[in-house]
$ cat entry22.txt   # compact mmCIF, N, CA, C and O atoms
# COMPACT_ATOMS: atom_id res chain seq x y z
N MET A 182 0.84 -1.18 0.00
CA MET A 182 0.00 0.00 0.00
C MET A 182 0.89 1.25 0.00
O MET A 182 1.88 1.32 0.71
N SER A 183 0.51 2.23 -0.78
CA SER A 183 1.29 3.46 -0.83
C SER A 183 1.03 4.30 0.42
O SER A 183 0.10 4.05 1.19
N ASP A 184 1.85 5.31 0.59
CA ASP A 184 1.73 6.21 1.74
C ASP A 184 0.36 6.90 1.73
O ASP A 184 -0.07 7.41 0.69
N LEU A 185 -0.35 6.87 2.83
CA LEU A 185 -1.64 7.56 2.93
C LEU A 185 -1.45 9.06 2.77
O LEU A 185 -0.45 9.61 3.24
N TYR A 186 -2.42 9.71 2.14
CA TYR A 186 -2.42 11.17 2.07
C TYR A 186 -3.08 11.66 3.35
O TYR A 186 -4.20 11.26 3.68
N ALA A 187 -2.39 12.50 4.09
CA ALA A 187 -2.87 12.97 5.39
C ALA A 187 -3.21 14.45 5.34
O ALA A 187 -2.48 15.25 4.77
N VAL A 188 -4.34 14.78 5.93
CA VAL A 188 -4.76 16.17 6.11
C VAL A 188 -4.77 16.38 7.62
O VAL A 188 -5.49 15.68 8.35
N ALA A 189 -3.95 17.29 8.10
CA ALA A 189 -3.76 17.44 9.53
C ALA A 189 -3.83 18.90 9.97
O ALA A 189 -3.67 19.81 9.17
N ASP A 190 -4.08 19.05 11.25
CA ASP A 190 -4.00 20.36 11.90
C ASP A 190 -3.15 20.14 13.14
O ASP A 190 -3.39 19.19 13.90
N PHE A 191 -2.12 20.96 13.32
CA PHE A 191 -1.32 20.79 14.52
C PHE A 191 -1.02 22.13 15.16
O PHE A 191 -0.96 23.16 14.50
N CYS A 192 -0.90 22.08 16.46
CA CYS A 192 -0.59 23.26 17.26
C CYS A 192 0.63 22.92 18.10
O CYS A 192 0.57 22.10 19.01
N LEU A 193 1.75 23.53 17.75
CA LEU A 193 3.01 23.32 18.43
C LEU A 193 3.15 24.36 19.54
O LEU A 193 2.95 25.56 19.29
N ILE A 194 3.48 23.90 20.75
CA ILE A 194 3.53 24.80 21.90
C ILE A 194 4.90 24.72 22.56
O ILE A 194 5.21 23.74 23.24
N PRO A 195 5.75 25.75 22.36
CA PRO A 195 7.03 25.79 23.07
C PRO A 195 6.77 26.02 24.56
O PRO A 195 5.95 26.85 24.92
N MET A 196 7.47 25.30 25.41
CA MET A 196 7.26 25.42 26.85
C MET A 196 8.59 25.70 27.55
O MET A 196 9.65 25.30 27.07
N GLY A 197 8.51 26.39 28.68
CA GLY A 197 9.71 26.68 29.47
C GLY A 197 10.59 27.75 28.86
O GLY A 197 11.79 27.78 29.11
N ILE A 198 9.99 28.62 28.06
CA ILE A 198 10.78 29.65 27.36
C ILE A 198 10.85 30.96 28.13
O ILE A 198 11.61 31.84 27.77
N GLY A 199 10.01 31.12 29.15
CA GLY A 199 10.08 32.29 30.00
C GLY A 199 9.63 33.59 29.37
O GLY A 199 10.03 34.67 29.81
N GLU A 200 8.83 33.53 28.34
CA GLU A 200 8.31 34.74 27.71
C GLU A 200 6.89 34.49 27.23
O GLU A 200 6.53 33.35 26.92
N PRO A 201 6.07 35.53 27.18
CA PRO A 201 4.67 35.32 26.80
C PRO A 201 4.45 35.04 25.31
O PRO A 201 3.51 34.35 24.96
N SER A 202 5.30 35.53 24.44
CA SER A 202 5.11 35.33 23.01
C SER A 202 5.88 34.11 22.51
O SER A 202 7.04 33.90 22.88
N VAL A 203 5.22 33.33 21.67
CA VAL A 203 5.87 32.17 21.05
C VAL A 203 6.16 32.43 19.57
O VAL A 203 6.58 31.52 18.86
N ALA A 204 5.95 33.65 19.12
CA ALA A 204 6.01 33.97 17.68
C ALA A 204 7.33 33.59 17.03
O ALA A 204 7.35 33.04 15.92
N LYS A 205 8.46 33.83 17.68
CA LYS A 205 9.75 33.53 17.03
C LYS A 205 9.94 32.02 16.86
O LYS A 205 10.58 31.58 15.92
N TYR A 206 9.36 31.24 17.76
CA TYR A 206 9.44 29.78 17.65
C TYR A 206 8.53 29.27 16.53
O TYR A 206 8.90 28.37 15.77
N ILE A 207 7.35 29.85 16.44
CA ILE A 207 6.42 29.45 15.38
C ILE A 207 6.97 29.87 14.02
O ILE A 207 6.84 29.14 13.03
N ALA A 208 7.61 31.03 13.96
CA ALA A 208 8.25 31.46 12.70
C ALA A 208 9.30 30.44 12.27
O ALA A 208 9.43 30.12 11.09
N GLU A 209 10.04 29.92 13.23
CA GLU A 209 11.06 28.90 12.92
C GLU A 209 10.40 27.64 12.36
O GLU A 209 10.88 27.05 11.39
N CYS A 210 9.28 27.25 12.94
CA CYS A 210 8.55 26.08 12.44
C CYS A 210 8.05 26.35 11.02
O CYS A 210 8.12 25.46 10.16
N GLN A 211 7.57 27.54 10.74
CA GLN A 211 7.09 27.86 9.39
C GLN A 211 8.24 27.78 8.38
O GLN A 211 8.03 27.35 7.25
N ARG A 212 9.44 28.17 8.78
CA ARG A 212 10.61 28.03 7.89
C ARG A 212 10.86 26.56 7.56
O ARG A 212 11.17 26.21 6.43
N VAL A 213 10.71 25.71 8.56
CA VAL A 213 10.88 24.26 8.36
C VAL A 213 9.84 23.75 7.37
O VAL A 213 10.16 22.99 6.45
N LEU A 214 8.57 24.16 7.56
CA LEU A 214 7.51 23.68 6.67
C LEU A 214 7.73 24.14 5.24
O LEU A 214 7.43 23.40 4.29
N GLU A 215 8.25 25.33 5.08
CA GLU A 215 8.53 25.85 3.73
C GLU A 215 9.49 24.92 2.98
O GLU A 215 9.34 24.68 1.79
N LYS A 216 10.47 24.40 3.71
CA LYS A 216 11.47 23.52 3.10
C LYS A 216 11.00 22.07 2.99
O LYS A 216 11.61 21.29 2.27
N ALA A 217 9.95 21.70 3.71
CA ALA A 217 9.54 20.29 3.81
C ALA A 217 8.83 19.76 2.58
O ALA A 217 8.70 18.55 2.41
N GLY A 218 8.32 20.65 1.74
CA GLY A 218 7.63 20.19 0.54
C GLY A 218 6.21 19.72 0.79
O GLY A 218 5.66 18.98 -0.02
N VAL A 219 5.61 20.11 1.91
CA VAL A 219 4.21 19.79 2.20
C VAL A 219 3.38 21.05 1.98
O VAL A 219 3.91 22.16 1.95
N HIS A 220 2.09 20.88 1.83
CA HIS A 220 1.20 22.03 1.74
C HIS A 220 0.83 22.43 3.16
O HIS A 220 0.51 21.57 3.98
N TYR A 221 0.88 23.72 3.46
CA TYR A 221 0.57 24.16 4.81
C TYR A 221 -0.02 25.57 4.78
O TYR A 221 0.17 26.33 3.84
N LYS A 222 -0.75 25.87 5.85
CA LYS A 222 -1.31 27.20 6.02
C LYS A 222 -1.44 27.48 7.51
O LYS A 222 -2.16 26.79 8.22
N MET A 223 -0.71 28.49 7.96
CA MET A 223 -0.76 28.86 9.36
C MET A 223 -2.07 29.60 9.64
O MET A 223 -2.57 30.33 8.80
N HIS A 224 -2.62 29.39 10.83
CA HIS A 224 -3.77 30.18 11.30
C HIS A 224 -3.48 30.59 12.73
O HIS A 224 -2.41 30.31 13.26
N GLY A 225 -4.40 31.28 13.35
CA GLY A 225 -4.16 31.89 14.66
C GLY A 225 -3.78 30.93 15.78
O GLY A 225 -3.06 31.32 16.70
N TYR A 226 -4.23 29.69 15.71
CA TYR A 226 -3.94 28.74 16.79
C TYR A 226 -3.39 27.43 16.29
O TYR A 226 -3.66 26.37 16.85
N GLY A 227 -2.63 27.49 15.20
CA GLY A 227 -2.01 26.27 14.69
C GLY A 227 -1.73 26.37 13.20
O GLY A 227 -1.72 27.46 12.62
N THR A 228 -1.53 25.22 12.60
CA THR A 228 -1.19 25.14 11.19
C THR A 228 -1.88 23.94 10.57
O THR A 228 -1.86 22.85 11.14
N ASN A 229 -2.50 24.15 9.41
CA ASN A 229 -3.02 23.05 8.60
C ASN A 229 -1.85 22.57 7.76
O ASN A 229 -1.09 23.38 7.22
N ILE A 230 -1.72 21.27 7.64
CA ILE A 230 -0.63 20.69 6.86
C ILE A 230 -1.16 19.46 6.16
O ILE A 230 -2.00 18.74 6.71
N GLU A 231 -0.72 19.23 4.94
CA GLU A 231 -1.16 18.03 4.24
C GLU A 231 -0.10 17.54 3.27
O GLU A 231 0.74 18.31 2.78
N GLY A 232 -0.15 16.25 3.03
CA GLY A 232 0.79 15.59 2.13
C GLY A 232 0.84 14.13 2.49
O GLY A 232 0.02 13.64 3.28
N PRO A 233 1.78 13.39 1.95
CA PRO A 233 1.93 11.99 2.33
C PRO A 233 2.16 11.88 3.85
O PRO A 233 2.86 12.72 4.43
N TRP A 234 1.55 10.86 4.46
CA TRP A 234 1.63 10.67 5.91
C TRP A 234 3.06 10.82 6.41
O TRP A 234 3.32 11.54 7.38
N SER A 235 3.99 10.14 5.79
CA SER A 235 5.38 10.16 6.26
C SER A 235 5.98 11.56 6.18
O SER A 235 6.73 11.97 7.06
N ALA A 236 5.63 12.33 5.16
CA ALA A 236 6.15 13.69 5.02
C ALA A 236 5.54 14.62 6.07
O ALA A 236 6.23 15.49 6.62
N VAL A 237 4.24 14.45 6.35
CA VAL A 237 3.58 15.26 7.38
C VAL A 237 4.22 14.98 8.74
O VAL A 237 4.56 15.91 9.49
N MET A 238 4.40 13.71 9.07
CA MET A 238 5.00 13.36 10.37
C MET A 238 6.44 13.84 10.46
O MET A 238 6.87 14.34 11.50
N GLN A 239 7.18 13.72 9.37
CA GLN A 239 8.57 14.19 9.36
C GLN A 239 8.63 15.70 9.55
O GLN A 239 9.48 16.21 10.28
N ALA A 240 7.72 16.43 8.91
CA ALA A 240 7.69 17.90 9.04
C ALA A 240 7.41 18.31 10.48
O ALA A 240 8.05 19.23 11.00
N ILE A 241 6.46 17.64 11.13
CA ILE A 241 6.16 17.97 12.53
C ILE A 241 7.36 17.63 13.41
O ILE A 241 7.74 18.41 14.29
N HIS A 242 7.99 16.49 13.16
CA HIS A 242 9.22 16.13 13.88
C HIS A 242 10.28 17.22 13.70
O HIS A 242 10.91 17.67 14.67
N ASP A 243 10.48 17.65 12.46
CA ASP A 243 11.50 18.65 12.18
C ASP A 243 11.17 19.99 12.82
O ASP A 243 12.08 20.73 13.23
N CYS A 244 9.88 20.32 12.94
CA CYS A 244 9.48 21.54 13.66
C CYS A 244 9.89 21.43 15.13
O CYS A 244 10.43 22.38 15.71
N HIS A 245 9.63 20.27 15.73
CA HIS A 245 10.04 20.06 17.13
C HIS A 245 11.54 20.28 17.27
O HIS A 245 11.99 21.01 18.16
N ALA A 246 12.32 19.64 16.40
CA ALA A 246 13.77 19.74 16.48
C ALA A 246 14.24 21.19 16.32
O ALA A 246 15.12 21.64 17.05
N ALA A 247 13.63 21.92 15.39
CA ALA A 247 14.02 23.31 15.16
C ALA A 247 13.67 24.21 16.34
O ALA A 247 14.45 25.10 16.70
N VAL A 248 12.53 23.98 16.94
CA VAL A 248 12.11 24.80 18.09
C VAL A 248 12.99 24.49 19.30
O VAL A 248 13.36 25.39 20.05
N HIS A 249 13.36 23.22 19.49
CA HIS A 249 14.32 22.89 20.54
C HIS A 249 15.66 23.59 20.27
O HIS A 249 16.26 24.17 21.18
N ALA A 250 16.11 23.55 19.02
CA ALA A 250 17.38 24.18 18.66
C ALA A 250 17.35 25.69 18.89
O ALA A 250 18.39 26.30 19.14
N LYS A 251 16.16 26.28 18.83
CA LYS A 251 15.99 27.73 19.06
C LYS A 251 16.00 28.04 20.56
O LYS A 251 15.99 29.20 20.94
N GLY A 252 15.99 27.01 21.41
CA GLY A 252 16.13 27.24 22.85
C GLY A 252 14.97 26.78 23.72
O GLY A 252 15.05 26.90 24.94
N ALA A 253 13.91 26.27 23.13
CA ALA A 253 12.78 25.80 23.94
C ALA A 253 13.15 24.43 24.54
O ALA A 253 13.40 23.49 23.80
N PRO A 254 13.15 24.33 25.88
CA PRO A 254 13.53 23.05 26.49
C PRO A 254 12.45 21.97 26.37
O PRO A 254 12.77 20.78 26.42
N ARG A 255 11.20 22.40 26.19
CA ARG A 255 10.10 21.45 26.03
C ARG A 255 9.20 21.92 24.91
O ARG A 255 9.01 23.12 24.70
N VAL A 256 8.63 20.97 24.18
CA VAL A 256 7.68 21.28 23.11
C VAL A 256 6.54 20.28 23.20
O VAL A 256 6.78 19.07 23.27
N ALA A 257 5.32 20.79 23.22
CA ALA A 257 4.13 19.94 23.19
C ALA A 257 3.39 20.23 21.90
O ALA A 257 3.37 21.37 21.43
N THR A 258 2.78 19.21 21.31
CA THR A 258 2.02 19.40 20.09
C THR A 258 0.71 18.63 20.16
O THR A 258 0.69 17.46 20.52
N ASP A 259 -0.37 19.33 19.81
CA ASP A 259 -1.67 18.69 19.62
C ASP A 259 -1.82 18.48 18.12
O ASP A 259 -1.58 19.40 17.34
N ILE A 260 -2.24 17.27 17.73
CA ILE A 260 -2.37 16.94 16.31
C ILE A 260 -3.71 16.25 16.06
O ILE A 260 -4.08 15.35 16.80
N ARG A 261 -4.39 16.70 15.02
CA ARG A 261 -5.56 15.98 14.49
C ARG A 261 -5.23 15.62 13.07
O ARG A 261 -4.81 16.48 12.29
N ILE A 262 -5.45 14.36 12.70
CA ILE A 262 -5.10 13.89 11.36
C ILE A 262 -6.28 13.14 10.76
O ILE A 262 -6.90 12.32 11.43
N GLY A 263 -6.55 13.43 9.50
CA GLY A 263 -7.56 12.68 8.77
C GLY A 263 -6.96 12.07 7.52
O GLY A 263 -6.09 12.66 6.89
N THR A 264 -7.41 10.88 7.20
CA THR A 264 -7.04 10.23 5.94
C THR A 264 -8.32 9.66 5.35
O THR A 264 -9.32 9.48 6.04
N ARG A 265 -8.29 9.43 4.06
CA ARG A 265 -9.43 8.76 3.43
C ARG A 265 -8.95 7.96 2.25
O ARG A 265 -7.97 8.32 1.59
N THR A 266 -9.65 6.87 1.99
CA THR A 266 -9.30 6.01 0.87
C THR A 266 -10.45 5.88 -0.11
O THR A 266 -10.32 5.19 -1.12
N ASP A 267 -11.57 6.55 0.17
CA ASP A 267 -12.74 6.42 -0.70
C ASP A 267 -12.68 7.33 -1.92
O ASP A 267 -13.46 7.15 -2.85
N ARG A 268 -11.78 8.30 -1.90
CA ARG A 268 -11.58 9.13 -3.09
C ARG A 268 -10.22 9.80 -3.02
O ARG A 268 -9.61 9.92 -1.97
N GLU A 269 -9.79 10.24 -4.17
CA GLU A 269 -8.49 10.89 -4.31
C GLU A 269 -8.60 12.35 -3.86
O GLU A 269 -9.58 13.03 -4.15
N ILE A 270 -7.61 12.81 -3.13
CA ILE A 270 -7.54 14.22 -2.74
C ILE A 270 -6.39 14.83 -3.53
O ILE A 270 -5.26 14.35 -3.47
N ALA A 271 -6.69 15.88 -4.28
CA ALA A 271 -5.64 16.56 -5.03
C ALA A 271 -4.66 17.20 -4.04
O ALA A 271 -5.09 17.82 -3.07
N PRO A 272 -3.38 17.03 -4.26
CA PRO A 272 -2.40 17.62 -3.35
C PRO A 272 -2.67 19.11 -3.11
O PRO A 272 -2.87 19.88 -4.05
N GLY A 273 -2.71 19.47 -1.84
CA GLY A 273 -2.94 20.86 -1.47
C GLY A 273 -4.40 21.25 -1.39
O GLY A 273 -4.72 22.38 -1.03
N GLN A 274 -5.30 20.34 -1.70
CA GLN A 274 -6.73 20.68 -1.73
C GLN A 274 -7.53 20.06 -0.58
O GLN A 274 -8.73 20.27 -0.49
N GLY A 275 -6.90 19.31 0.29
CA GLY A 275 -7.61 18.65 1.38
C GLY A 275 -8.29 19.63 2.32
O GLY A 275 -9.50 19.57 2.53
N ASN A 276 -7.53 20.54 2.88
CA ASN A 276 -8.11 21.53 3.80
C ASN A 276 -8.98 22.54 3.05
O ASN A 276 -10.08 22.86 3.48
N GLU A 277 -8.47 23.03 1.94
CA GLU A 277 -9.23 24.03 1.18
C GLU A 277 -10.53 23.46 0.64
O GLU A 277 -11.54 24.14 0.60
N GLY A 278 -10.51 22.20 0.25
CA GLY A 278 -11.73 21.56 -0.25
C GLY A 278 -12.79 21.48 0.82
O GLY A 278 -13.98 21.72 0.56
N LYS A 279 -12.39 21.18 2.05
CA LYS A 279 -13.34 21.12 3.16
C LYS A 279 -13.98 22.48 3.40
O LYS A 279 -15.19 22.59 3.58
N VAL A 280 -13.17 23.51 3.42
CA VAL A 280 -13.68 24.87 3.66
C VAL A 280 -14.59 25.31 2.52
O VAL A 280 -15.67 25.86 2.74
N LYS A 281 -14.18 25.02 1.29
CA LYS A 281 -14.99 25.43 0.14
C LYS A 281 -16.36 24.78 0.14
O LYS A 281 -17.35 25.43 -0.17
N ARG A 282 -16.45 23.51 0.51
CA ARG A 282 -17.75 22.84 0.56
C ARG A 282 -18.70 23.53 1.55
O ARG A 282 -19.87 23.72 1.26
N VAL A 283 -18.19 23.94 2.69
CA VAL A 283 -19.02 24.64 3.68
C VAL A 283 -19.42 26.01 3.15
O VAL A 283 -20.59 26.42 3.26
N GLU A 284 -18.47 26.73 2.55
CA GLU A 284 -18.78 28.05 1.99
C GLU A 284 -19.83 27.95 0.89
O GLU A 284 -20.71 28.81 0.79
N ASP A 285 -19.76 26.91 0.07
CA ASP A 285 -20.75 26.72 -0.99
C ASP A 285 -22.14 26.50 -0.41
O ASP A 285 -23.13 27.03 -0.92
N ILE A 286 -22.24 25.71 0.64
CA ILE A 286 -23.53 25.48 1.30
C ILE A 286 -24.09 26.78 1.83
O ILE A 286 -25.27 27.10 1.65
N LEU A 287 -23.25 27.57 2.49
CA LEU A 287 -23.71 28.86 3.04
C LEU A 287 -24.15 29.81 1.93
O LEU A 287 -25.14 30.51 2.06
N ALA A 288 -23.40 29.82 0.82
CA ALA A 288 -23.76 30.70 -0.30
C ALA A 288 -25.10 30.29 -0.92
O ALA A 288 -25.90 31.14 -1.28
N GLN A 289 -25.36 28.99 -1.02
CA GLN A 289 -26.64 28.51 -1.56
C GLN A 289 -27.78 28.94 -0.65
O GLN A 289 -28.85 29.32 -1.11
N GLU A 290 -27.57 28.86 0.64
CA GLU A 290 -28.61 29.26 1.60
C GLU A 290 -28.90 30.76 1.49
O GLU A 290 -30.04 31.18 1.61
N GLU A 291 -27.86 31.55 1.26
CA GLU A 291 -28.05 33.00 1.11
C GLU A 291 -28.86 33.35 -0.13
O GLU A 291 -29.66 34.26 -0.11
N THR A 292 -28.63 32.62 -1.21
CA THR A 292 -29.35 32.92 -2.45
C THR A 292 -30.83 32.50 -2.35
O THR A 292 -31.67 33.06 -3.04
N LYS A 293 -31.13 31.54 -1.49
CA LYS A 293 -32.51 31.09 -1.30
C LYS A 293 -33.29 32.05 -0.40
O LYS A 293 -34.49 32.10 -0.45
N ALA A 294 -32.57 32.77 0.45
CA ALA A 294 -33.23 33.66 1.44
C ALA A 294 -33.73 34.94 0.81
O ALA A 294 -33.47 35.39 -0.20
$ encode --input "entry22.txt" --output "structure tokens"
Amino acid sequence: MSDLYAVADFCLIPMGIGEPSVAKYIAECQRVLEKAGVHYKMHGYGTNIEGPWSAVMQAIHDCHAAVHAKGAPRVATDIRIGTRTDREIAPGQGNEGKVKRVEDILAQEETKA
């Protein structure tokens, strides 16, 4: 079986850094994702990421390593991952496709009102 295509959302939390802002650590993670070759989009409380399962997991691993290297002694991550085998997901369209389907439903309801 080939590598599953994974659509994930993860929130990486640097701990023990002694400052209220985590922005410089998250920026470092975004640099890692840029190089990882996965599709990603940062939002206010995490990052959507998608690609082959092994690439997604490797990218999250590499984010942990980079944030530790930046000085965070501890890193915690919450991850939600979805996969499906009932249809093909075009690379980079997993998260956007989900959002678009909801927006389309809302737009149809507006035109009926």
$ atom_distance --input "entry22.txt" --atom1 "CA of Ala247 in chain A" --atom2 "CA of Leu185 in chain A"
25.4 Å
$ closest_atom_pairs --input "entry22.txt" --of "range 246-294 of chain A" --to "range 195-216 of chain A" --cutoff "4.5 Å" --atoms "all atoms listed in the file" --output "tab-separated table"
residue	atom	partner	partner_atom	distance
A:Ala253	C	A:Met196	O	4.4
A:Pro254	N	A:Met196	O	3.8
A:Arg255	O	A:Met196	N	2.8
$ residues_around --input "entry22.txt" --residues "range 219-221 of chain A" --least-positions-apart "6" --cutoff "4.5 Å" --atoms "only N, CA, C and O atoms" --output "compact mmCIF listing (two decimals) with N, CA, C and O atoms, keeping the file's coordinate frame"
# COMPACT_ATOMS: atom_id res chain seq x y z
N ASN A 229 -2.50 24.15 9.41
CA ASN A 229 -3.02 23.05 8.60
C ASN A 229 -1.85 22.57 7.76
O ASN A 229 -1.09 23.38 7.22
N ILE A 230 -1.72 21.27 7.64
CA ILE A 230 -0.63 20.69 6.86
C ILE A 230 -1.16 19.46 6.16
O ILE A 230 -2.00 18.74 6.71
N GLU A 231 -0.72 19.23 4.94
CA GLU A 231 -1.16 18.03 4.24
C GLU A 231 -0.10 17.54 3.27
O GLU A 231 0.74 18.31 2.78
$ residues_near_point --input "entry22.txt" --point "(-5.4, 12.9, -0.9)" --cutoff "10 Å" --atoms "only C-alpha atoms" --output "PyMOL selection string"
chain A and resi 185-188+231-233+263-275
$ atom_distance --input "entry22.txt" --atom1 "atom N of Asp259 in chain A" --atom2 "atom C of Leu193 in chain A"
6.1 Å
$ select_by_dssp --input "entry22.txt" --residues "range 196-292 of chain A" --states "alpha helix (DSSP H)" --output "PyMOL selection string"
chain A and resi 204-217+234-250+275-292
$ atom_distance --input "entry22.txt" --atom1 "atom N of Glu277 in chain A" --atom2 "atom O of Gly218 in chain A"
14.8 Å
$ closest_residue --input "entry22.txt" --among "A:Ile241, A:Ala217, A:Ile262, A:Met223" --to "Ala189 in chain A" --atoms "only C-alpha atoms"
A:Ile262
$ decode --input "entry22.txt" --residues "range 250-270 of chain A" --atoms "N, CA, C and O atoms" --output "short mmCIF file (atom, residue, chain, number, x, y, z; two decimals), in the first residue's frame"
data_model
loop_
_atom_site.label_atom_id
_atom_site.label_comp_id
_atom_site.auth_asym_id
_atom_site.auth_seq_id
_atom_site.Cartn_x
_atom_site.Cartn_y
_atom_site.Cartn_z
N ALA A 250 16.11 23.55 19.02
CA ALA A 250 17.38 24.18 18.66
C ALA A 250 17.35 25.69 18.89
O ALA A 250 18.39 26.30 19.14
N LYS A 251 16.16 26.28 18.83
CA LYS A 251 15.99 27.73 19.06
C LYS A 251 16.00 28.04 20.56
O LYS A 251 15.99 29.20 20.94
N GLY A 252 15.99 27.01 21.41
CA GLY A 252 16.13 27.24 22.85
C GLY A 252 14.97 26.78 23.72
O GLY A 252 15.05 26.90 24.94
N ALA A 253 13.91 26.27 23.13
CA ALA A 253 12.78 25.80 23.94
C ALA A 253 13.15 24.43 24.54
O ALA A 253 13.40 23.49 23.80
N PRO A 254 13.15 24.33 25.88
CA PRO A 254 13.53 23.05 26.49
C PRO A 254 12.45 21.97 26.37
O PRO A 254 12.77 20.78 26.42
N ARG A 255 11.20 22.40 26.19
CA ARG A 255 10.10 21.45 26.03
C ARG A 255 9.20 21.92 24.91
O ARG A 255 9.01 23.12 24.70
N VAL A 256 8.63 20.97 24.18
CA VAL A 256 7.68 21.28 23.11
C VAL A 256 6.54 20.28 23.20
O VAL A 256 6.78 19.07 23.27
N ALA A 257 5.32 20.79 23.22
CA ALA A 257 4.13 19.94 23.19
C ALA A 257 3.39 20.23 21.90
O ALA A 257 3.37 21.37 21.43
N THR A 258 2.78 19.21 21.31
CA THR A 258 2.02 19.40 20.09
C THR A 258 0.71 18.63 20.16
O THR A 258 0.69 17.46 20.52
N ASP A 259 -0.37 19.33 19.81
CA ASP A 259 -1.67 18.69 19.62
C ASP A 259 -1.82 18.48 18.12
O ASP A 259 -1.58 19.40 17.34
N ILE A 260 -2.24 17.27 17.73
CA ILE A 260 -2.37 16.94 16.31
C ILE A 260 -3.71 16.25 16.06
O ILE A 260 -4.08 15.35 16.80
N ARG A 261 -4.39 16.70 15.02
CA ARG A 261 -5.56 15.98 14.49
C ARG A 261 -5.23 15.62 13.07
O ARG A 261 -4.81 16.48 12.29
N ILE A 262 -5.45 14.36 12.70
CA ILE A 262 -5.10 13.89 11.36
C ILE A 262 -6.28 13.14 10.76
O ILE A 262 -6.90 12.32 11.43
N GLY A 263 -6.55 13.43 9.50
CA GLY A 263 -7.56 12.68 8.77
C GLY A 263 -6.96 12.07 7.52
O GLY A 263 -6.09 12.66 6.89
N THR A 264 -7.41 10.88 7.20
CA THR A 264 -7.04 10.23 5.94
C THR A 264 -8.32 9.66 5.35
O THR A 264 -9.32 9.48 6.04
N ARG A 265 -8.29 9.43 4.06
CA ARG A 265 -9.43 8.76 3.43
C ARG A 265 -8.95 7.96 2.25
O ARG A 265 -7.97 8.32 1.59
N THR A 266 -9.65 6.87 1.99
CA THR A 266 -9.30 6.01 0.87
C THR A 266 -10.45 5.88 -0.11
O THR A 266 -10.32 5.19 -1.12
N ASP A 267 -11.57 6.55 0.17
CA ASP A 267 -12.74 6.42 -0.70
C ASP A 267 -12.68 7.33 -1.92
O ASP A 267 -13.46 7.15 -2.85
N ARG A 268 -11.78 8.30 -1.90
CA ARG A 268 -11.58 9.13 -3.09
C ARG A 268 -10.22 9.80 -3.02
O ARG A 268 -9.61 9.92 -1.97
N GLU A 269 -9.79 10.24 -4.17
CA GLU A 269 -8.49 10.89 -4.31
C GLU A 269 -8.60 12.35 -3.86
O GLU A 269 -9.58 13.03 -4.15
N ILE A 270 -7.61 12.81 -3.13
CA ILE A 270 -7.54 14.22 -2.74
C ILE A 270 -6.39 14.83 -3.53
O ILE A 270 -5.26 14.35 -3.47
#
